[in-house]
$ cat query-v7.pdb   # PDB, C-alpha atoms
ATOM      1  CA  MET A 277      -5.094 -14.167 -20.486
ATOM      2  CA  LYS A 278      -5.036 -10.481 -21.373
ATOM      3  CA  ILE A 279      -3.896  -8.447 -18.377
ATOM      4  CA  ALA A 280      -4.040  -4.700 -17.783
ATOM      5  CA  VAL A 281      -2.279  -3.001 -14.867
ATOM      6  CA  ILE A 282      -3.780   0.417 -14.180
ATOM      7  CA  GLY A 283      -1.400   2.660 -12.266
ATOM      8  CA  SER A 284       2.237   3.348 -13.131
ATOM      9  CA  GLY A 285       3.649   3.975  -9.668
ATOM     10  CA  ALA A 286       5.894   1.745  -7.551
ATOM     11  CA  ILE A 287       3.609  -1.285  -7.314
ATOM     12  CA  GLY A 288       2.023  -0.908 -10.748
ATOM     13  CA  CYS A 289       5.370  -0.718 -12.559
ATOM     14  CA  LEU A 290       6.855  -3.590 -10.569
ATOM     15  CA  VAL A 291       3.870  -5.878 -11.107
ATOM     16  CA  ALA A 292       3.486  -4.971 -14.770
ATOM     17  CA  GLY A 293       7.197  -5.417 -15.417
ATOM     18  CA  TYR A 294       7.402  -8.859 -13.865
ATOM     19  CA  LEU A 295       4.150  -9.984 -15.473
ATOM     20  CA  ARG A 296       5.306  -8.782 -18.884
ATOM     21  CA  ALA A 297       8.541 -10.723 -18.471
ATOM     22  CA  LYS A 298       6.506 -13.895 -17.784
ATOM     23  CA  VAL A 299       3.192 -13.263 -19.539
ATOM     24  CA  ALA A 300       3.359 -11.727 -23.001
ATOM     25  CA  ASP A 301      -0.065 -10.082 -23.059
ATOM     26  CA  THR A 302       0.294  -7.397 -20.384
ATOM     27  CA  THR A 303      -0.525  -3.700 -20.794
ATOM     28  CA  LEU A 304       0.313  -0.863 -18.410
ATOM     29  CA  VAL A 305      -2.011   2.129 -18.087
ATOM     30  CA  GLY A 306      -0.575   5.301 -16.594
ATOM     31  CA  HIS A 307      -0.337   9.068 -16.765
ATOM     32  CA  ILE A 308       0.724  10.542 -20.085
ATOM     33  CA  ASP A 309       4.177  11.474 -18.721
ATOM     34  CA  SER A 310       4.750   7.807 -17.845
ATOM     35  CA  VAL A 311       3.487   6.713 -21.253
ATOM     36  CA  ASN A 312       6.023   8.796 -23.158
ATOM     37  CA  VAL A 313       9.020   7.790 -21.037
ATOM     38  CA  ILE A 314       8.221   4.068 -20.780
ATOM     39  CA  LYS A 315       7.461   3.796 -24.501
ATOM     40  CA  GLU A 316      10.910   5.179 -25.220
ATOM     41  CA  LYS A 317      13.018   3.625 -22.458
ATOM     42  CA  GLY A 318      10.995   0.696 -21.135
ATOM     43  CA  LEU A 319      10.368  -0.158 -17.481
ATOM     44  CA  GLN A 320      13.587  -0.117 -15.488
ATOM     45  CA  ILE A 321      13.545  -2.310 -12.379
ATOM     46  CA  ARG A 322      16.427  -2.960 -10.004
ATOM     47  CA  GLY A 323      16.672  -4.429  -6.544
ATOM     48  CA  VAL A 324      16.505  -7.827  -4.885
ATOM     49  CA  ARG A 325      16.132  -9.711  -8.201
ATOM     50  CA  GLY A 326      18.814  -7.767 -10.015
ATOM     51  CA  ASP A 327      18.377  -5.351 -12.919
ATOM     52  CA  LEU A 328      15.640  -5.709 -15.497
ATOM     53  CA  ASN A 329      14.562  -3.552 -18.418
ATOM     54  CA  VAL A 330      11.166  -4.502 -19.815
ATOM     55  CA  LYS A 331       9.548  -3.307 -23.020
ATOM     56  CA  ILE A 332       5.805  -3.133 -22.402
ATOM     57  CA  ASP A 333       2.711  -1.775 -24.111
ATOM     58  CA  ILE A 334       1.585   1.345 -22.268
ATOM     59  CA  ALA A 335      -1.235   3.843 -22.793
ATOM     60  CA  ASP A 336      -3.044   6.515 -20.811
ATOM     61  CA  LYS A 337      -6.353   4.674 -21.323
ATOM     62  CA  LEU A 338      -7.430   1.183 -22.283
ATOM     63  CA  THR A 339      -8.542   0.459 -25.829
ATOM     64  CA  TYR A 340      -9.553  -3.186 -25.346
ATOM     65  CA  LYS A 341     -11.237  -5.426 -22.789
ATOM     66  CA  PRO A 342      -8.731  -7.281 -20.578
ATOM     67  CA  ASP A 343      -9.569 -10.569 -18.868
ATOM     68  CA  LEU A 344      -7.888  -9.332 -15.675
ATOM     69  CA  VAL A 345      -7.514  -5.736 -14.517
ATOM     70  CA  ILE A 346      -5.033  -5.107 -11.694
ATOM     71  CA  LEU A 347      -5.801  -1.765 -10.067
ATOM     72  CA  ALA A 348      -2.535  -0.329  -8.767
ATOM     73  CA  THR A 349      -3.434   3.336  -8.292
ATOM     74  CA  LYS A 350      -3.711   4.861  -4.846
ATOM     75  CA  THR A 351      -7.146   4.544  -3.247
ATOM     76  CA  GLN A 352      -7.968   8.212  -3.778
ATOM     77  CA  ASP A 353      -7.408   7.802  -7.539
ATOM     78  CA  LEU A 354      -9.425   4.593  -7.965
ATOM     79  CA  GLU A 355     -12.781   5.990  -8.983
ATOM     80  CA  GLN A 356     -11.355   8.270 -11.649
ATOM     81  CA  ALA A 357      -9.230   5.441 -13.045
ATOM     82  CA  ILE A 358     -12.298   3.212 -13.328
ATOM     83  CA  LYS A 359     -14.434   5.957 -14.875
ATOM     84  CA  ASP A 360     -11.729   6.650 -17.464
ATOM     85  CA  ASN A 361     -11.692   2.977 -18.507
ATOM     86  CA  LEU A 362     -15.186   1.801 -17.581
ATOM     87  CA  GLU A 363     -16.177   0.772 -21.101
ATOM     88  CA  PHE A 364     -13.414  -1.834 -21.114
ATOM     89  CA  VAL A 365     -13.234  -2.930 -17.453
ATOM     90  CA  LYS A 366     -16.896  -3.196 -16.431
ATOM     91  CA  ASP A 367     -17.111  -6.895 -17.337
ATOM     92  CA  SER A 368     -13.538  -7.880 -16.461
ATOM     93  CA  VAL A 369     -12.256  -9.557 -13.320
ATOM     94  CA  VAL A 370     -10.768  -6.758 -11.220
ATOM     95  CA  LEU A 371      -8.054  -7.217  -8.586
ATOM     96  CA  THR A 372      -7.525  -4.405  -6.067
ATOM     97  CA  THR A 373      -4.098  -3.887  -4.489
ATOM     98  CA  GLN A 374      -4.638  -0.765  -2.400
ATOM     99  CA  ASN A 375      -3.719  -0.267   1.247
ATOM    100  CA  GLY A 376      -6.543   0.166   3.745
ATOM    101  CA  VAL A 377      -9.985  -1.442   3.562
ATOM    102  CA  GLN A 378     -12.069   0.909   1.402
ATOM    103  CA  ALA A 379     -10.866   0.106  -2.130
ATOM    104  CA  ASP A 380     -13.240  -2.786  -2.793
ATOM    105  CA  ASN A 381     -16.253  -0.751  -1.665
ATOM    106  CA  LEU A 382     -15.267   2.086  -4.007
ATOM    107  CA  VAL A 383     -14.782  -0.285  -6.943
ATOM    108  CA  SER A 384     -18.145  -1.971  -6.280
ATOM    109  CA  LYS A 385     -19.910   1.269  -7.302
ATOM    110  CA  TYR A 386     -18.930   0.455 -10.882
ATOM    111  CA  ILE A 387     -18.063  -3.257 -11.030
ATOM    112  CA  SER A 388     -20.182  -6.233  -9.959
ATOM    113  CA  LYS A 389     -19.038  -7.625  -6.617
ATOM    114  CA  ASP A 390     -18.874 -11.042  -8.293
ATOM    115  CA  ASN A 391     -16.019  -9.741 -10.447
ATOM    116  CA  ILE A 392     -14.006  -8.055  -7.673
ATOM    117  CA  LEU A 393     -11.084  -9.802  -5.999
ATOM    118  CA  SER A 394      -9.038  -8.170  -3.283
ATOM    119  CA  SER A 395      -5.345  -8.461  -2.553
ATOM    120  CA  ILE A 396      -2.692  -7.460  -0.067
ATOM    121  CA  VAL A 397       0.797  -6.624  -1.303
ATOM    122  CA  MET A 398       3.524  -7.682   1.130
ATOM    123  CA  PHE A 399       6.486  -7.011  -1.185
ATOM    124  CA  GLY A 400       8.024  -3.559  -1.216
ATOM    125  CA  SER A 401       9.085  -1.201  -3.980
ATOM    126  CA  THR A 402      10.090   2.422  -4.366
ATOM    127  CA  TYR A 403       9.269   4.742  -7.269
ATOM    128  CA  LEU A 404      12.474   6.612  -8.103
ATOM    129  CA  GLU A 405      11.425   8.532 -11.185
ATOM    130  CA  THR A 406       9.173   7.961 -14.178
ATOM    131  CA  GLY A 407       9.621   4.397 -15.404
ATOM    132  CA  LYS A 408      12.200   3.497 -12.724
ATOM    133  CA  VAL A 409      11.477   1.464  -9.596
ATOM    134  CA  VAL A 410      13.464  -0.385  -6.952
ATOM    135  CA  HIS A 411      12.214  -3.768  -5.735
ATOM    136  CA  ASN A 412      13.238  -3.375  -2.074
ATOM    137  CA  PHE A 413      12.163  -6.681  -0.582
ATOM    138  CA  GLU A 414      10.265  -9.856  -1.409
ATOM    139  CA  GLY A 415       6.908 -10.806   0.083
ATOM    140  CA  SER A 416       3.657 -12.591  -0.568
ATOM    141  CA  TRP A 417       0.779 -11.448  -2.747
ATOM    142  CA  ILE A 418      -2.331 -12.377  -0.778
ATOM    143  CA  ILE A 419      -5.613 -12.709  -2.676
ATOM    144  CA  GLY A 420      -9.208 -13.371  -1.674
ATOM    145  CA  SER A 421     -12.730 -11.952  -1.808
ATOM    146  CA  MET A 422     -14.022  -9.201   0.453
ATOM    147  CA  PHE A 423     -17.645  -9.836  -0.552
ATOM    148  CA  GLU A 424     -18.225 -13.479  -1.444
ATOM    149  CA  LYS A 425     -16.698 -16.871  -0.802
ATOM    150  CA  ASN A 426     -13.733 -17.591  -3.045
ATOM    151  CA  ASP A 427     -14.915 -19.070  -6.366
ATOM    152  CA  PRO A 428     -13.109 -20.757  -9.312
ATOM    153  CA  LYS A 429     -12.020 -17.350 -10.667
ATOM    154  CA  ILE A 430      -9.504 -17.051  -7.882
ATOM    155  CA  LYS A 431      -7.732 -20.264  -8.864
ATOM    156  CA  GLU A 432      -7.351 -18.976 -12.410
ATOM    157  CA  ILE A 433      -5.887 -15.691 -11.136
ATOM    158  CA  PHE A 434      -3.567 -17.635  -8.837
ATOM    159  CA  GLU A 435      -2.210 -19.601 -11.779
ATOM    160  CA  VAL A 436      -1.492 -16.391 -13.689
ATOM    161  CA  LEU A 437       0.258 -14.573 -10.835
ATOM    162  CA  LYS A 438       2.155 -17.377  -9.113
ATOM    163  CA  ASP A 439       5.203 -17.179 -11.380
ATOM    164  CA  THR A 440       5.791 -13.518 -10.506
ATOM    165  CA  PHE A 441       5.315 -13.499  -6.718
ATOM    166  CA  PRO A 442       4.530 -16.045  -3.986
ATOM    167  CA  VAL A 443       0.707 -15.942  -4.143
ATOM    168  CA  VAL A 444      -1.364 -16.996  -1.136
ATOM    169  CA  VAL A 445      -5.134 -17.537  -1.428
ATOM    170  CA  VAL A 446      -7.010 -16.833   1.826
ATOM    171  CA  ASP A 447     -10.596 -17.005   3.037
ATOM    172  CA  ASN A 448     -10.484 -14.121   5.539
ATOM    173  CA  ILE A 449      -8.770 -11.321   3.690
ATOM    174  CA  LYS A 450     -10.786  -8.664   5.528
ATOM    175  CA  GLY A 451      -9.154  -9.414   8.880
ATOM    176  CA  MET A 452      -5.755  -9.403   7.174
ATOM    177  CA  LYS A 453      -6.446  -6.059   5.497
ATOM    178  CA  TYR A 454      -7.092  -4.468   8.875
ATOM    179  CA  LEU A 455      -3.804  -5.852  10.176
ATOM    180  CA  LYS A 456      -2.043  -4.495   7.064
ATOM    181  CA  ILE A 457      -3.137  -1.025   8.172
ATOM    182  CA  PHE A 458      -0.815  -1.486  11.146
ATOM    183  CA  VAL A 459       2.021  -2.447   8.768
ATOM    184  CA  ASN A 460       1.486   0.764   6.792
ATOM    185  CA  ALA A 461       0.522   3.098   9.633
ATOM    186  CA  ASN A 462       4.107   4.117  10.371
ATOM    187  CA  ASN A 463       4.702   5.360   6.811
ATOM    188  CA  CYS A 464       3.218   8.670   7.893
ATOM    189  CA  ILE A 465       6.164   9.416  10.190
ATOM    190  CA  ALA A 466       8.808   9.169   7.468
ATOM    191  CA  ALA A 467       6.499  11.235   5.232
ATOM    192  CA  ILE A 468       6.178  13.961   7.851
ATOM    193  CA  LEU A 469       9.980  14.087   8.192
ATOM    194  CA  GLY A 470      10.665  13.661   4.463
ATOM    195  CA  VAL A 471      13.202  10.869   4.948
ATOM    196  CA  SER A 472      13.591   7.152   4.272
ATOM    197  CA  MET A 473      12.108   4.612   6.661
ATOM    198  CA  GLN A 474      15.604   3.647   7.799
ATOM    199  CA  GLU A 475      16.555   7.258   8.492
ATOM    200  CA  ALA A 476      13.356   7.885  10.455
ATOM    201  CA  PHE A 477      13.353   4.778  12.595
ATOM    202  CA  LYS A 478      17.000   4.570  13.533
ATOM    203  CA  ASP A 479      15.898   7.058  16.202
ATOM    204  CA  THR A 480      14.194   5.369  19.167
ATOM    205  CA  ASP A 481      12.296   8.546  20.095
ATOM    206  CA  ILE A 482      10.702   8.512  16.647
ATOM    207  CA  SER A 483      10.169   4.751  16.868
ATOM    208  CA  SER A 484       8.289   5.369  20.118
ATOM    209  CA  ILE A 485       5.660   7.260  18.135
ATOM    210  CA  SER A 486       5.257   4.196  15.908
ATOM    211  CA  ILE A 487       4.608   1.988  18.921
ATOM    212  CA  ALA A 488       2.097   4.538  20.182
ATOM    213  CA  ILE A 489       0.289   4.417  16.819
ATOM    214  CA  TRP A 490      -0.038   0.654  17.252
ATOM    215  CA  LYS A 491      -1.201   0.952  20.860
ATOM    216  CA  GLU A 492      -3.897   3.461  19.912
ATOM    217  CA  GLY A 493      -4.833   1.428  16.839
ATOM    218  CA  MET A 494      -5.174  -1.801  18.832
ATOM    219  CA  GLU A 495      -7.562  -0.118  21.232
ATOM    220  CA  ILE A 496      -9.613   1.253  18.342
ATOM    221  CA  VAL A 497      -9.988  -2.050  16.458
ATOM    222  CA  LYS A 498     -10.740  -3.914  19.680
ATOM    223  CA  LYS A 499     -13.554  -1.550  20.646
ATOM    224  CA  SER A 500     -14.790  -1.499  17.036
ATOM    225  CA  GLY A 501     -15.244  -5.280  17.072
ATOM    226  CA  ILE A 502     -12.642  -5.934  14.341
ATOM    227  CA  ASP A 503     -10.974  -9.351  14.358
ATOM    228  CA  LEU A 504      -7.407  -9.065  13.107
ATOM    229  CA  VAL A 505      -5.877 -12.016  11.228
ATOM    230  CA  SER A 506      -2.158 -12.797  10.855
ATOM    231  CA  LEU A 507      -0.499 -12.093   7.514
ATOM    232  CA  PRO A 508       2.050 -14.408   5.873
ATOM    233  CA  GLY A 509       5.379 -13.154   7.173
ATOM    234  CA  PHE A 510       3.727 -10.759   9.608
ATOM    235  CA  PRO A 511       1.982 -12.537  12.507
ATOM    236  CA  LEU A 512      -0.589 -10.662  14.561
ATOM    237  CA  GLU A 513       1.590 -11.282  17.619
ATOM    238  CA  ARG A 514       4.220  -8.925  16.211
ATOM    239  CA  VAL A 515       1.828  -6.057  16.847
ATOM    240  CA  THR A 516       0.132  -7.325  20.007
ATOM    241  CA  LYS A 517       3.376  -8.206  21.783
ATOM    242  CA  LEU A 518       5.111  -4.940  20.939
ATOM    243  CA  ALA A 519       1.996  -2.940  21.792
ATOM    244  CA  ALA A 520       1.880  -4.657  25.210
ATOM    245  CA  LEU A 521       5.482  -3.727  26.094
ATOM    246  CA  PRO A 522       6.552  -0.423  27.662
ATOM    247  CA  THR A 523       6.854   2.055  24.808
ATOM    248  CA  ILE A 524      10.608   2.679  24.956
ATOM    249  CA  GLU A 525      11.409  -1.040  25.196
ATOM    250  CA  ALA A 526       9.165  -1.797  22.220
ATOM    251  CA  ALA A 527      10.640   1.150  20.279
ATOM    252  CA  LYS A 528      14.150  -0.330  20.455
ATOM    253  CA  ILE A 529      12.909  -3.622  19.015
ATOM    254  CA  PHE A 530      10.861  -1.845  16.332
ATOM    255  CA  SER A 531      13.860   0.260  15.321
ATOM    256  CA  GLY A 532      15.946  -2.876  14.780
ATOM    257  CA  ILE A 533      13.240  -4.436  12.615
ATOM    258  CA  MET A 534      12.887  -1.360  10.417
ATOM    259  CA  MET A 535      16.628  -0.938   9.956
ATOM    260  CA  SER A 536      16.904  -4.451   8.517
ATOM    261  CA  LEU A 537      14.045  -4.191   5.976
ATOM    262  CA  SER A 538      16.024  -3.185   2.904
ATOM    263  CA  LYS A 539      19.599  -2.459   1.845
ATOM    264  CA  GLU A 540      18.270   0.257  -0.442
ATOM    265  CA  PRO A 541      16.645   3.354   1.118
ATOM    266  CA  LEU A 542      12.963   2.527   1.555
ATOM    267  CA  TYR A 543      10.433   5.305   1.045
ATOM    268  CA  GLY A 544       6.884   4.609   2.170
ATOM    269  CA  SER A 545       3.941   5.030  -0.157
ATOM    270  CA  ILE A 546       2.792   8.250   1.525
ATOM    271  CA  LEU A 547       6.130  10.014   1.047
ATOM    272  CA  GLN A 548       6.428   8.716  -2.512
ATOM    273  CA  SER A 549       3.132  10.408  -3.368
ATOM    274  CA  ILE A 550       4.200  13.665  -1.716
ATOM    275  CA  LYS A 551       7.497  13.670  -3.606
ATOM    276  CA  ARG A 552       5.496  13.331  -6.829
ATOM    277  CA  ALA A 553       3.340  16.336  -5.762
ATOM    278  CA  ARG A 554       0.249  14.150  -5.468
ATOM    279  CA  SER A 555      -2.179  13.568  -2.631
ATOM    280  CA  SER A 556      -1.299  10.607  -0.440
ATOM    281  CA  GLU A 557      -3.391   7.724   0.884
ATOM    282  CA  ILE A 558      -3.096   8.901   4.505
ATOM    283  CA  ASP A 559      -6.893   9.131   4.878
ATOM    284  CA  TYR A 560      -7.166   5.403   4.097
ATOM    285  CA  ILE A 561      -4.399   4.296   6.482
ATOM    286  CA  ASN A 562      -4.103   6.298   9.712
ATOM    287  CA  GLY A 563      -7.309   8.014   8.640
ATOM    288  CA  GLU A 564      -9.058   4.642   8.832
ATOM    289  CA  PHE A 565      -8.198   4.483  12.541
ATOM    290  CA  VAL A 566      -9.638   7.977  12.909
ATOM    291  CA  ARG A 567     -12.799   7.041  11.009
ATOM    292  CA  MET A 568     -13.412   3.955  13.160
ATOM    293  CA  ALA A 569     -12.731   5.947  16.325
ATOM    294  CA  GLN A 570     -15.248   8.610  15.357
ATOM    295  CA  GLU A 571     -17.893   5.981  14.567
ATOM    296  CA  ASN A 572     -17.399   4.321  17.940
ATOM    297  CA  LYS A 573     -16.664   7.451  20.011
ATOM    298  CA  ILE A 574     -13.109   6.326  20.805
ATOM    299  CA  ASN A 575     -10.009   8.473  21.270
ATOM    300  CA  ALA A 576      -7.678   8.669  18.259
ATOM    301  CA  SER A 577      -5.820  11.880  19.124
ATOM    302  CA  LEU A 578      -2.378  10.671  18.005
ATOM    303  CA  ASN A 579      -3.535   9.413  14.621
ATOM    304  CA  GLU A 580      -5.658  12.543  14.142
ATOM    305  CA  LYS A 581      -2.583  14.705  14.722
ATOM    306  CA  LEU A 582      -0.415  12.654  12.359
ATOM    307  CA  VAL A 583      -3.051  12.752   9.602
ATOM    308  CA  ALA A 584      -3.250  16.539   9.995
ATOM    309  CA  MET A 585       0.540  16.847   9.806
ATOM    310  CA  VAL A 586       0.714  14.803   6.601
ATOM    311  CA  HIS A 587      -1.959  17.019   5.052
ATOM    312  CA  GLU A 588       0.085  20.056   6.097
ATOM    313  CA  VAL A 589       3.141  18.646   4.299
ATOM    314  CA  GLU A 590       1.000  17.914   1.221
ATOM    315  CA  LYS A 591      -0.297  21.479   1.252
ATOM    316  CA  THR A 592       2.960  23.356   1.906
ATOM    317  CA  GLY A 593       5.609  20.996   0.525
ATOM    318  CA  LYS A 594       7.607  21.608   3.719
ATOM    319  CA  PHE A 595       8.646  18.743   5.980
ATOM    320  CA  PHE A 596       8.754  18.850   9.766
ATOM    321  CA  THR A 597      11.912  18.419  11.837
ATOM    322  CA  LYS A 598      12.272  15.656  14.406
ATOM    323  CA  GLU A 599      11.862  18.294  17.127
ATOM    324  CA  ASP A 600       8.651  19.579  15.506
ATOM    325  CA  LEU A 601       7.241  16.057  15.318
ATOM    326  CA  LEU A 602       8.044  15.273  18.963
ATOM    327  CA  LYS A 603       6.608  18.627  20.065
ATOM    328  CA  ASN A 604       3.381  18.158  18.084
ATOM    329  CA  THR A 605       2.792  14.670  19.468
ATOM    330  CA  LYS A 606       3.846  15.368  23.047
ATOM    331  CA  GLY A 607       1.193  14.314  25.534
ATOM    332  CA  LEU A 608      -0.712  12.213  22.966
ATOM    333  CA  TYR A 609       0.888   8.951  24.103
ATOM    334  CA  ASN A 610       2.758   7.460  27.059
TER     335      ASN A 610
END

$ encode --input "query-v7.pdb" --output "structure tokens"
Amino acid sequence: MKIAVIGSGAIGCLVAGYLRAKVADTTLVGHIDSVNVIKEKGLQIRGVRGDLNVKIDIADKLTYKPDLVILATKTQDLEQAIKDNLEFVKDSVVLTTQNGVQADNLVSKYISKDNILSSIVMFGSTYLETGKVVHNFEGSWIIGSMFEKNDPKIKEIFEVLKDTFPVVVVDNIKGMKYLKIFVNANNCIAAILGVSMQEAFKDTDISSISIAIWKEGMEIVKKSGIDLVSLPGFPLERVTKLAALPTIEAAKIFSGIMMSLSKEPLYGSILQSIKRARSSEIDYINGEFVRMAQENKINASLNEKLVAMVHEVEKTGKFFTKEDLLKNTKGLYN
């Protein structure tokens, strides 16, 4: 099977590198700066599986039709990536990997829904610099269809991917994708502060904001009629039980969880984009809570404020202090 991974960030490089090491016919598509560096030095991966340097074909655009296209750009870059390569991807099987729940709808403007598979990435990686990534922690790669019942295509994709990550095929990926928003929703805090996840959440006052995000989010999805579904390694009860506790008690537990995620400093996807001077996916994570709240006339004041603060950091390049963050969110949660 000919595979193309479009997107040369943390997830794209990690996936492409591991696939190339197992499957010979894998191409990476990325920005021209990535192309030049990776052609010369290869993909450099370190982390939980040790050090790996992979030589891989890379280009800024496709020049052939792959059997499988793995879209690993951020959601906001999806449409342009597809337009740039539409001649070669329009008839391929396409696998989305983006956070949030909007990626498949965006892709379906250009690709038949029959050819779109969705996925949820539960492993973690950090983009250090061009062509260099850290594999922070292991996790499942969950795949399924957002539009149709799973068909034989998914078994074929499973067979291709299973040697690189633990792949789980599911029937209700939509409910899982909404729960994954909760997993990612705290990335915004570390991005606002400009620090690693460990540095941000060692502080229980900051962790209290994370619990408040979950509390507000749970109310929004409940009133929006969304049924959340447990993820492999992340049961729904982890959110519901913490969200039901008093905030400070839950914050202490949450802080302990976050501190044990990775030995290496872990930088969330939102901060990684900001550090690369690119727009982040905040509008598809916390912004999804805001969108649902607006549609259903529900309060989302905390998530609205956090989205606005991330956009301020994107615009100015200046991070907020802990005191600024606590001051800006004061009164928006209990």

$ residues_around --input "query-v7.pdb" --residues "range 403-410 of chain A" --least-positions-apart "6" --cutoff "6 Å" --atoms "all atoms listed in the file" --output "VMD selection string"
chain A and resid 286 310 314 319 to 323

$ residues_near_point --input "query-v7.pdb" --point "(9.3, 18.6, 9.1)" --cutoff "10 Å" --atoms "only C-alpha atoms" --output "count of residues only"
20

$ atom_distance --input "query-v7.pdb" --atom1 "CA of Phe399 in chain A" --atom2 "CA of Lys341 in chain A"
28.0 Å

$ resolve_selection --input "query-v7.pdb" --expression "the PyMOL selection byres ((chain A and resi 605) around 12)" --output "PyMOL selection string"
chain A and resi 465+481-482+484-486+488-489+577-585+598-604+606-610

$ residues_around --input "query-v7.pdb" --residues "range 386-392 of chain A" --least-positions-apart "5" --cutoff "9 Å" --atoms "only C-alpha atoms" --output "JSON, numbers by chain"
{"A": [355, 358, 359, 362, 365, 366, 367, 368, 369, 370, 371, 372, 380, 381, 421, 422, 423, 424, 429]}

$ resolve_selection --input "query-v7.pdb" --expression "the PyMOL selection byres ((chain A and resi 539-554) around 6)" --output "ChimeraX atom specification"
/A:463,467,472-473,538,555-556

$ residues_around --input "query-v7.pdb" --residues "Ile346 in chain A" --least-positions-apart "2" --cutoff "8 Å" --atoms "all atoms listed in the file" --output "list of chain:residue names"
A:Ile279, A:Ala280, A:Val281, A:Ile282, A:Leu344, A:Ala348, A:Val370, A:Leu371, A:Thr372, A:Thr373

$ write_last_selection --input "query-v7.pdb" --atoms "C-alpha atoms" --output "mmCIF file, keeping the file's coordinate frame"
data_model
loop_
_atom_site.group_PDB
_atom_site.id
_atom_site.type_symbol
_atom_site.label_atom_id
_atom_site.label_comp_id
_atom_site.auth_asym_id
_atom_site.auth_seq_id
_atom_site.Cartn_x
_atom_site.Cartn_y
_atom_site.Cartn_z
ATOM 1 C CA ILE A 279 -3.896 -8.447 -18.377
ATOM 2 C CA ALA A 280 -4.040 -4.700 -17.783
ATOM 3 C CA VAL A 281 -2.279 -3.001 -14.867
ATOM 4 C CA ILE A 282 -3.780 0.417 -14.180
ATOM 5 C CA LEU A 344 -7.888 -9.332 -15.675
ATOM 6 C CA ALA A 348 -2.535 -0.329 -8.767
ATOM 7 C CA VAL A 370 -10.768 -6.758 -11.220
ATOM 8 C CA LEU A 371 -8.054 -7.217 -8.586
ATOM 9 C CA THR A 372 -7.525 -4.405 -6.067
ATOM 10 C CA THR A 373 -4.098 -3.887 -4.489
#

$ residues_near_point --input "query-v7.pdb" --point "(-6.5, 6.1, 0.6)" --cutoff "8 Å" --atoms "all atoms listed in the file" --output "short mmCIF file (atom, residue, chain, number, x, y, z; two decimals) with C-alpha atoms, in the frame of the given file"
data_model
loop_
_atom_site.label_atom_id
_atom_site.label_comp_id
_atom_site.auth_asym_id
_atom_site.auth_seq_id
_atom_site.Cartn_x
_atom_site.Cartn_y
_atom_site.Cartn_z
CA LYS A 350 -3.71 4.86 -4.85
CA THR A 351 -7.15 4.54 -3.25
CA GLN A 352 -7.97 8.21 -3.78
CA GLN A 374 -4.64 -0.76 -2.40
CA ASN A 375 -3.72 -0.27 1.25
CA GLY A 376 -6.54 0.17 3.74
CA GLN A 378 -12.07 0.91 1.40
CA ALA A 379 -10.87 0.11 -2.13
CA SER A 556 -1.30 10.61 -0.44
CA GLU A 557 -3.39 7.72 0.88
CA ILE A 558 -3.10 8.90 4.50
CA ASP A 559 -6.89 9.13 4.88
CA TYR A 560 -7.17 5.40 4.10
CA ILE A 561 -4.40 4.30 6.48
#

$ axis_aligned_box --input "query-v7.pdb" --around "range 591-604 of chain A" --padding-each-side "5 Å" --output "AutoDock Vina command-line options"
--center_x 6.0 --center_y 19.3 --center_z 10.3 --size_x 22.6 --size_y 18.1 --size_z 29.5

$ residues_around --input "query-v7.pdb" --residues "Phe510 in chain A" --least-positions-apart "3" --cutoff "10 Å" --atoms "only C-alpha atoms" --output "compact mmCIF listing (two decimals) with C-alpha atoms, in the coordinates of the input"
# COMPACT_ATOMS: atom_id res chain seq x y z
CA MET A 398 3.52 -7.68 1.13
CA MET A 452 -5.76 -9.40 7.17
CA LEU A 455 -3.80 -5.85 10.18
CA LYS A 456 -2.04 -4.50 7.06
CA VAL A 459 2.02 -2.45 8.77
CA VAL A 505 -5.88 -12.02 11.23
CA SER A 506 -2.16 -12.80 10.86
CA LEU A 507 -0.50 -12.09 7.51
CA GLU A 513 1.59 -11.28 17.62
CA ARG A 514 4.22 -8.93 16.21
CA VAL A 515 1.83 -6.06 16.85
